[in-house]
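Visitor: Provided herewith: run.csv, CSV, C-alpha atoms and all ligand atoms.
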chain,number,residue,atom,x,y,z
A,20,MET,CA,-77.1,89.2,-157.1
A,21,LYS,CA,-76.4,87.2,-160.2
A,22,LYS,CA,-73.0,88.2,-161.5
A,23,SER,CA,-72.7,88.3,-165.3
A,24,LEU,CA,-69.7,87.9,-167.6
A,25,ILE,CA,-67.0,90.6,-167.7
A,26,VAL,CA,-64.5,90.8,-170.6
A,27,ILE,CA,-61.2,92.5,-170.0
A,28,THR,CA,-58.7,93.1,-172.8
A,29,GLY,CA,-55.0,93.5,-172.0
A,30,ALA,CA,-55.3,91.5,-168.8
A,31,SER,CA,-51.6,90.4,-168.8
A,32,SER,CA,-50.3,93.6,-167.0
A,33,GLY,CA,-51.0,97.0,-165.5
A,34,PHE,CA,-54.6,98.1,-165.2
A,35,GLY,CA,-55.9,95.0,-166.9
A,36,SER,CA,-54.3,92.6,-164.3
A,37,GLU,CA,-55.6,94.8,-161.4
A,38,MET,CA,-59.1,94.9,-162.8
A,39,ALA,CA,-59.0,91.1,-163.3
A,40,LYS,CA,-58.0,90.6,-159.6
A,41,ILE,CA,-60.6,93.0,-158.2
A,42,PHE,CA,-63.6,91.6,-160.3
A,43,ASN,CA,-62.4,88.0,-159.7
A,44,ALA,CA,-62.3,88.6,-155.9
A,45,ALA,CA,-65.9,90.0,-156.1
A,46,GLY,CA,-67.1,86.8,-157.8
A,47,TYR,CA,-67.7,87.9,-161.4
A,48,PRO,CA,-67.0,85.4,-164.2
A,49,LEU,CA,-64.3,86.7,-166.4
A,50,LEU,CA,-63.0,86.4,-170.0
A,51,LEU,CA,-59.5,87.7,-170.0
A,52,LEU,CA,-57.8,88.5,-173.3
A,53,GLY,CA,-54.2,89.4,-174.2
A,54,ARG,CA,-51.4,88.1,-176.3
A,55,ARG,CA,-49.2,86.9,-173.4
A,56,VAL,CA,-51.6,84.4,-171.9
A,57,ALA,CA,-48.9,82.8,-169.8
A,58,LYS,CA,-48.8,86.1,-167.8
A,59,ILE,CA,-52.5,86.1,-167.3
A,60,LYS,CA,-52.4,82.5,-166.1
A,61,GLU,CA,-49.9,83.5,-163.4
A,62,LEU,CA,-52.2,86.0,-161.8
A,63,PRO,CA,-53.5,85.2,-158.3
A,64,LEU,CA,-57.1,84.4,-159.4
A,65,ASN,CA,-59.7,81.8,-158.7
A,66,PHE,CA,-59.6,80.3,-162.2
A,67,ASP,CA,-62.9,78.3,-161.7
A,68,SER,CA,-64.8,81.2,-163.2
A,69,VAL,CA,-62.1,82.5,-165.6
A,70,LEU,CA,-61.6,81.8,-169.3
A,71,VAL,CA,-58.3,83.0,-170.7
A,72,LYS,CA,-57.9,83.4,-174.5
A,73,GLU,CA,-55.0,84.5,-176.6
A,74,VAL,CA,-56.4,87.4,-178.6
A,75,ASP,CA,-54.7,90.3,-180.4
A,76,VAL,CA,-57.4,93.0,-180.3
A,77,THR,CA,-56.6,94.1,-183.8
A,78,ASN,CA,-57.9,90.7,-185.0
A,79,LEU,CA,-61.7,91.1,-185.1
A,80,GLU,CA,-62.4,87.4,-185.9
A,81,ALA,CA,-60.3,86.2,-183.0
A,82,PHE,CA,-61.9,88.7,-180.7
A,83,GLN,CA,-65.4,87.6,-181.7
A,84,ASN,CA,-64.6,83.9,-181.4
A,85,ALA,CA,-63.3,84.4,-177.9
A,86,ILE,CA,-66.5,86.3,-176.9
A,87,THR,CA,-68.7,83.6,-178.4
A,88,GLU,CA,-66.7,81.0,-176.3
A,89,GLY,CA,-67.0,83.1,-173.2
A,90,GLU,CA,-70.7,83.5,-173.6
A,91,GLU,CA,-71.2,79.8,-174.2
A,92,ARG,CA,-69.6,79.1,-170.9
A,93,PHE,CA,-70.8,82.0,-168.7
A,94,GLY,CA,-73.8,83.7,-170.5
A,95,ASP,CA,-74.0,87.1,-172.1
A,96,VAL,CA,-71.3,89.7,-171.7
A,97,ASP,CA,-72.6,92.4,-169.4
A,98,LEU,CA,-69.4,94.4,-169.2
A,99,LEU,CA,-66.6,94.8,-171.8
A,100,ILE,CA,-63.5,96.8,-170.7
A,101,ASN,CA,-61.5,97.8,-173.7
A,102,ASN,CA,-58.2,98.3,-171.8
A,103,ALA,CA,-55.5,97.0,-174.2
A,104,GLY,CA,-53.4,99.7,-175.5
A,105,VAL,CA,-49.9,100.8,-176.4
A,106,MET,CA,-48.0,104.1,-175.9
A,107,LEU,CA,-45.3,104.5,-178.4
A,108,LEU,CA,-44.1,108.1,-177.8
A,109,GLY,CA,-42.2,109.9,-180.4
A,110,ASN,CA,-41.6,112.9,-182.5
A,111,ILE,CA,-43.2,112.1,-185.8
A,112,GLY,CA,-40.4,113.5,-187.9
A,113,GLU,CA,-38.1,110.9,-186.4
A,114,GLN,CA,-40.4,108.1,-185.4
A,115,ASN,CA,-40.8,104.9,-187.4
A,116,PRO,CA,-44.2,105.2,-189.1
A,117,GLU,CA,-44.9,101.6,-188.2
A,118,GLU,CA,-45.3,102.8,-184.6
A,119,TRP,CA,-48.2,105.1,-185.7
A,120,LYS,CA,-49.9,102.2,-187.3
A,121,THR,CA,-49.5,99.9,-184.3
A,122,THR,CA,-50.9,102.7,-182.1
A,123,ILE,CA,-53.9,103.4,-184.2
A,124,ASP,CA,-54.6,99.8,-184.9
A,125,THR,CA,-54.4,98.8,-181.2
A,126,ASN,CA,-55.9,101.9,-179.5
A,127,ILE,CA,-58.7,102.7,-181.9
A,128,ILE,CA,-59.4,99.6,-184.1
A,129,GLY,CA,-59.0,97.3,-181.1
A,130,VAL,CA,-61.6,99.3,-179.2
A,131,LEU,CA,-64.0,99.3,-182.2
A,132,ASN,CA,-63.5,95.6,-182.7
A,133,GLY,CA,-64.5,95.0,-179.1
A,134,MET,CA,-67.5,97.2,-179.3
A,135,HIS,CA,-68.6,95.7,-182.6
A,136,ALA,CA,-68.4,92.2,-181.0
A,137,VAL,CA,-70.8,93.0,-178.2
A,138,ILE,CA,-73.0,95.9,-179.1
A,139,GLU,CA,-75.8,94.2,-181.2
A,140,LYS,CA,-76.5,91.7,-178.4
A,141,MET,CA,-76.5,94.4,-175.8
A,142,LYS,CA,-79.0,96.4,-177.8
A,143,GLN,CA,-81.2,93.4,-178.3
A,144,ARG,CA,-81.4,92.6,-174.6
A,145,ASN,CA,-81.6,96.3,-173.6
A,146,GLY,CA,-78.6,96.3,-171.3
A,147,GLY,CA,-74.9,96.1,-170.9
A,148,THR,CA,-71.9,98.3,-170.3
A,149,ILE,CA,-68.7,99.1,-172.1
A,150,ILE,CA,-65.9,101.0,-170.4
A,151,ASN,CA,-63.2,102.3,-172.7
A,152,ILE,CA,-59.8,103.1,-171.1
A,153,SER,CA,-58.6,106.3,-172.6
A,154,SER,CA,-56.2,108.7,-171.0
A,155,ILE,CA,-55.8,112.3,-169.9
A,156,ALA,CA,-53.9,112.4,-173.2
A,157,GLY,CA,-57.3,111.9,-174.7
A,158,ARG,CA,-58.3,115.3,-173.2
A,159,LYS,CA,-55.2,117.4,-173.6
A,160,THR,CA,-52.0,117.2,-175.6
A,161,PHE,CA,-48.4,116.5,-174.4
A,162,GLY,CA,-45.1,116.8,-176.2
A,163,ASN,CA,-44.1,113.6,-178.1
A,164,HIS,CA,-47.6,112.2,-177.7
A,165,ALA,CA,-48.9,113.2,-181.1
A,166,VAL,CA,-50.1,109.8,-182.3
A,167,TYR,CA,-50.9,108.5,-178.8
A,168,ALA,CA,-53.0,111.6,-178.1
A,169,ALA,CA,-54.7,111.3,-181.5
A,170,SER,CA,-55.6,107.7,-180.6
A,171,LYS,CA,-57.0,108.6,-177.2
A,172,PHE,CA,-58.8,111.7,-178.4
A,173,GLY,CA,-60.3,109.2,-180.9
A,174,VAL,CA,-61.4,106.9,-178.0
A,175,HIS,CA,-63.1,109.8,-176.4
A,176,ALA,CA,-64.8,110.8,-179.6
A,177,LEU,CA,-66.0,107.3,-180.6
A,178,SER,CA,-67.1,106.5,-177.1
A,179,GLU,CA,-69.2,109.6,-176.7
A,180,THR,CA,-70.8,109.2,-180.2
A,181,ILE,CA,-71.7,105.6,-179.5
A,182,ARG,CA,-73.0,106.5,-176.0
A,183,GLU,CA,-75.4,108.9,-177.7
A,184,GLU,CA,-76.5,106.3,-180.2
A,185,LEU,CA,-77.1,103.5,-177.6
A,186,SER,CA,-78.5,105.5,-174.7
A,187,SER,CA,-82.1,104.7,-175.7
A,188,SER,CA,-81.2,101.0,-175.7
A,189,ASN,CA,-80.2,101.2,-172.0
A,190,VAL,CA,-76.5,100.4,-172.9
A,191,ARG,CA,-74.0,102.4,-170.9
A,192,ILE,CA,-70.7,103.6,-172.5
A,193,MET,CA,-68.2,105.0,-170.1
A,194,ILE,CA,-64.7,106.4,-170.3
A,195,MET,CA,-62.0,106.0,-167.8
A,196,ALA,CA,-59.1,108.4,-168.5
A,197,PRO,CA,-56.1,108.0,-166.1
A,198,GLY,CA,-53.0,110.2,-165.8
A,199,ALA,CA,-49.6,108.7,-165.3
A,200,ALA,CA,-49.6,105.3,-163.7
A,201,GLU,CA,-47.1,102.6,-162.7
A,202,THR,CA,-47.5,100.0,-165.4
A,203,GLU,CA,-45.4,98.5,-168.3
A,204,LEU,CA,-46.9,101.1,-170.7
A,205,LEU,CA,-43.8,103.4,-171.1
A,206,SER,CA,-41.5,100.4,-171.6
A,207,HIS,CA,-42.5,99.9,-175.3
A,208,THR,CA,-41.5,103.4,-176.4
A,209,SER,CA,-38.4,103.0,-178.5
A,210,SER,CA,-36.7,106.3,-177.8
A,211,GLU,CA,-34.5,106.1,-174.7
A,212,LYS,CA,-34.3,109.9,-174.4
A,213,ILE,CA,-38.1,110.2,-174.3
A,214,LYS,CA,-38.3,107.4,-171.7
A,215,SER,CA,-35.8,109.1,-169.5
A,216,ASP,CA,-37.5,112.5,-169.9
A,217,TYR,CA,-40.8,110.8,-168.9
A,218,GLU,CA,-39.2,109.3,-165.8
A,219,ALA,CA,-37.7,112.7,-164.9
A,220,TRP,CA,-41.3,114.2,-165.3
A,221,LYS,CA,-42.5,111.5,-162.9
A,222,GLU,CA,-39.8,112.5,-160.4
A,223,SER,CA,-41.4,115.9,-160.3
A,224,MET,CA,-44.5,114.2,-158.9
A,225,GLY,CA,-42.5,112.5,-156.1
A,226,GLY,CA,-41.2,109.6,-158.3
A,227,VAL,CA,-44.4,107.5,-158.0
A,228,ALA,CA,-47.4,107.8,-160.2
A,229,LEU,CA,-50.9,106.2,-159.8
A,230,ASN,CA,-51.2,102.8,-158.4
A,231,PRO,CA,-53.2,100.8,-161.0
A,232,TYR,CA,-55.2,99.4,-158.0
A,233,HIS,CA,-56.9,102.8,-157.6
A,234,VAL,CA,-57.9,102.9,-161.2
A,235,ALA,CA,-59.3,99.4,-161.0
A,236,GLU,CA,-61.3,100.2,-157.9
A,237,THR,CA,-62.8,103.2,-159.6
A,238,VAL,CA,-63.7,101.2,-162.7
A,239,LYS,CA,-65.5,98.7,-160.4
A,240,TYR,CA,-67.4,101.6,-158.7
A,241,MET,CA,-68.4,103.0,-162.2
A,242,TYR,CA,-69.7,99.6,-163.2
A,243,GLU,CA,-71.6,98.8,-160.0
A,244,MET,CA,-73.7,102.0,-160.3
A,245,PRO,CA,-77.3,101.0,-161.2
A,246,GLN,CA,-78.0,100.5,-164.9
A,247,ASN,CA,-79.9,103.8,-165.1
A,248,VAL,CA,-76.8,105.7,-164.0
A,249,THR,CA,-73.9,106.3,-166.5
A,250,ILE,CA,-70.7,107.9,-165.2
A,251,ARG,CA,-69.8,109.2,-168.6
A,252,GLU,CA,-66.2,109.9,-167.9
A,253,VAL,CA,-63.7,109.9,-165.1
A,254,LEU,CA,-60.3,111.6,-165.1
A,255,ILE,CA,-58.0,110.3,-162.4
A,256,ALA,CA,-54.4,111.3,-161.9
A,257,PRO,CA,-51.7,111.6,-159.2
A,258,THR,CA,-52.4,114.6,-157.0
A,259,LYS,CA,-49.0,116.0,-157.9
A,260,GLN,CA,-49.5,115.7,-161.7
A,261,ASP,CA,-49.9,119.3,-162.7
A,262,SER,CA,-50.6,118.8,-166.4
A,301,LIG,P1,-49.4,97.9,-169.8
A,301,LIG,O1,-48.4,98.0,-170.9
A,301,LIG,O2,-49.0,97.4,-168.5
A,301,LIG,O3,-50.6,97.0,-170.4
A,301,LIG,C1,-51.1,97.1,-171.7
A,301,LIG,C2,-51.9,95.8,-172.0
A,301,LIG,O4,-52.4,95.9,-173.3
A,301,LIG,C3,-51.1,94.6,-171.8
A,301,LIG,O5,-51.8,93.6,-171.1
A,301,LIG,C4,-51.0,94.1,-173.3
A,301,LIG,O6,-51.1,92.7,-173.3
A,301,LIG,C5,-52.2,94.7,-173.9
A,301,LIG,N1,-52.1,94.8,-175.4
A,301,LIG,C6,-51.3,95.7,-176.0
A,301,LIG,N2,-51.5,95.5,-177.4
A,301,LIG,C7,-52.4,94.5,-177.5
A,301,LIG,C8,-52.9,93.8,-178.6
A,301,LIG,N3,-52.6,94.2,-179.9
A,301,LIG,N4,-53.8,92.9,-178.4
A,301,LIG,C9,-54.2,92.5,-177.1
A,301,LIG,N5,-53.7,93.1,-176.0
A,301,LIG,C10,-52.8,94.1,-176.2
A,301,LIG,O7,-50.1,99.3,-169.7
A,301,LIG,P2,-51.3,99.9,-168.9
A,301,LIG,O8,-51.9,99.0,-168.0
A,301,LIG,O9,-50.9,101.2,-168.5
A,301,LIG,O10,-52.3,100.2,-170.2
A,301,LIG,C11,-53.7,99.9,-170.2
A,301,LIG,C12,-54.5,101.0,-170.8
A,301,LIG,O11,-54.4,102.2,-170.0
A,301,LIG,C13,-54.0,101.4,-172.2
A,301,LIG,O12,-55.1,101.6,-173.0
A,301,LIG,C14,-53.2,102.7,-171.9
A,301,LIG,O13,-53.2,103.6,-173.0
A,301,LIG,C15,-54.1,103.3,-170.8
A,301,LIG,N6,-53.5,104.3,-170.0
A,301,LIG,C16,-52.3,104.1,-169.2
A,301,LIG,C17,-51.7,105.1,-168.5
A,301,LIG,C18,-50.5,104.9,-167.7
A,301,LIG,O14,-49.8,105.8,-167.3
A,301,LIG,N7,-50.0,103.7,-167.5
A,301,LIG,C19,-52.3,106.4,-168.4
A,301,LIG,C20,-53.5,106.5,-169.2
A,301,LIG,C21,-54.1,105.5,-169.9
A,301,LIG,P3,-50.2,91.7,-174.3
A,301,LIG,O15,-48.9,92.4,-174.5
A,301,LIG,O16,-50.1,90.5,-173.4
A,301,LIG,O17,-51.0,91.5,-175.5
Would you mind writing the file out in structure tokens?

Guide:
Amino acid sequence: MKKSLIVITGASSGFGSEMAKIFNAAGYPLLLLGRRVAKIKELPLNFDSVLVKEVDVTNLEAFQNAITEGEERFGDVDLLINNAGVMLLGNIGEQNPEEWKTTIDTNIIGVLNGMHAVIEKMKQRNGGTIINISSIAGRKTFGNHAVYAASKFGVHALSETIREELSSSNVRIMIMAPGAAETELLSHTSSEKIKSDYEAWKESMGGVALNPYHVAETVKYMYEMPQNVTIREVLIAPTKQDS
């Protein structure tokens, strides 16, 4: 089976790193994007078939240029995983509004930028897959998650709309929506109280949330289904997560 190019945003940590490892081990050529490229270059990968580019997903031009470079080296993008995201939890009465902007720019505009960069070519060649990483917070609300939940509800909404638009072109749009997982995501929230409350919530699930490896394995399974099968959405969470 010929393996085609996979693009993963936010490959420097968490789910992105795990997906990079799993797809690399399976022999797919990869274009790995993120701002901290030194961290991506430290991953235990076979770099013969990997291109790493420093891209902020909010920058459409940089995103497009990286994809053009990846396609020149490895051929057309067959899978784009819009994984890069931030979770800046807060109560909007107290939170710095800059955090709202960063969240919406990264979690929504970043996803749209990625889709814009690949969709027309996928339509033309009647194939391709985009997997957007949303969240259970894109399905239901949680305290202090107002802007994060708004961004992830947005990812659900835009993904489903575009899925409907592209289905006749044989392009698959899928949503992976995890629950709490062990990554760096919470570390960027600025409120120490919210962070410690979140850790206490995790304690109620036995102290350990999802291993990113299991999310990455599930994404690979979704992708490797035949092109005429679209797993539209997966919600995956720790068994002991009750919300
Ligand atoms: P991490 O914080 O470990 O990883 C986030 C990744 O996003 C990093 O690689 C970071 O790379 C990248 N990123 C953030 N902002 C930008 C940007 N502007 N441009 C490019 N890359 C960016 O968290 P996760 O692995 O958990 O997060 C991955 C996705 O999973 C996110 O969309 C998140 O919302 C979602 N998710 C996470 C859950 C969890 O509990 N962990 C649960 C549900 C969903 P760099 O800083 O190098 O640019």

Visitor: Applying 7 Å and all atoms listed in the file, which residues near region 176-189 of chain A remain after dropping the ones on its own chain fewer than 5 positions away? List them as a list in words.

Guide: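 The residues satisfying every condition are Lys142, Asn145 and Gly146 of chain A.
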
Visitor: Please identify the residues whose atoms come within 6 Å of ligand LIG 301 (chain A), using all atoms listed in the file, and report them as a PyMOL selection string.

Guide: chain A and resi 28-35+53-55+74-77+102-106+125+152-154+196-204

Visitor: Please, what distance in Å, to one decimal, runs between CA of Ala165 (chain A) and CA of Gly112 (chain A)?

Guide: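 Spanning CA of Ala165 (chain A) to CA of Gly112 (chain A) is a straight-line distance of 10.9 Å.
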
Visitor: Residues near region 210-217 of chain A, anyone? I mean within 9 Å using only C-alpha atoms, not counting same-chain ones fewer than 5 positions away, as a PDB file with C-alpha atoms, in the coordinates of the input.

Guide:
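Saved as out-v5.pdb:
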ATOM      1  CA  LEU A 107     -45.300 104.500-178.400  1.00  0.00           C
ATOM      2  CA  LEU A 108     -44.100 108.100-177.800  1.00  0.00           C
ATOM      3  CA  GLY A 109     -42.200 109.900-180.400  1.00  0.00           C
ATOM      4  CA  GLN A 114     -40.400 108.100-185.400  1.00  0.00           C
ATOM      5  CA  ASN A 163     -44.100 113.600-178.100  1.00  0.00           C
ATOM      6  CA  LEU A 205     -43.800 103.400-171.100  1.00  0.00           C
ATOM      7  CA  GLU A 222     -39.800 112.500-160.400  1.00  0.00           C
TER       8      GLU A 222
END

Visitor: Excluding Tyr47 (chain A) and its own-chain neighbours fewer than 2 positions away, which residues fall within 8 Å of it when counting all atoms listed in the file? Please give them as a list in words.

Guide: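 Within the cut-off, the hits are Lys22, Ser23, Leu24, Ile25, Phe42, Asn43, Ala44, Ala45, Leu49 and Ser68 of chain A.
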
Visitor: Enumerate, in order of chain and increasing residue number, the residues of region 115-162 of chain A with an atom no farther than 12 Å from region 248-255 of chain A, each with its shortest atom pair and distance in Å to one decimal, counting all atoms listed in the file, as CSV.

Guide:
residue,atom,partner,partner_atom,distance
A:Gly147,CA,A:Thr249,CA,11.2
A:Thr148,CA,A:Thr249,CA,9.1
A:Ile149,CA,A:Thr249,CA,10.5
A:Ile150,CA,A:Glu252,CA,9.2
A:Asn151,CA,A:Glu252,CA,9.5
A:Ile152,CA,A:Glu252,CA,9.9
A:Ser153,CA,A:Leu254,CA,9.3
A:Ser154,CA,A:Leu254,CA,7.7
A:Ile155,CA,A:Leu254,CA,6.6
A:Ala156,CA,A:Leu254,CA,10.4
A:Gly157,CA,A:Leu254,CA,10.1
A:Arg158,CA,A:Leu254,CA,9.1
A:Lys159,CA,A:Leu254,CA,11.5

Visitor: Under the rule that all atoms listed in the file are counted, which of A:Thr237, A:Asn101, A:Asn84, A:Asn247 is the nearest residue to Ile27 (chain A)?

Guide: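 With all atoms listed in the file as the atom set, the closest residue is A:Asn101.
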
Visitor: Excluding same-chain residues fewer than 2 positions from Thr258 (chain A), what lies within 10 Å of it counting only C-alpha atoms, as number ranges by chain?

Guide: A: 198, 224, 228-229, 255-256, 260-261

Visitor: In Å, with one decimal, what is the gap from CA of Leu52 (chain A) to CA of Pro231 (chain A)?

Guide: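 Distance between the two atoms: 18.0 Å.
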
Visitor: I'd like the interatomic distance between CA of Lys171 (chain A) and CA of Val238 (chain A), to a tenth of an Å.

Guide: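 Between CA of Lys171 (chain A) and CA of Val238 (chain A) the gap is 17.6 Å.
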
Visitor: Would you mind listing what lies within 9 Å of Asp95 (chain A) as a PyMOL selection string, with all atoms listed in the file counted and same-chain residues fewer than 2 positions away left out?

Guide: chain A and resi 23-25+86-87+89-91+93+97+140-141
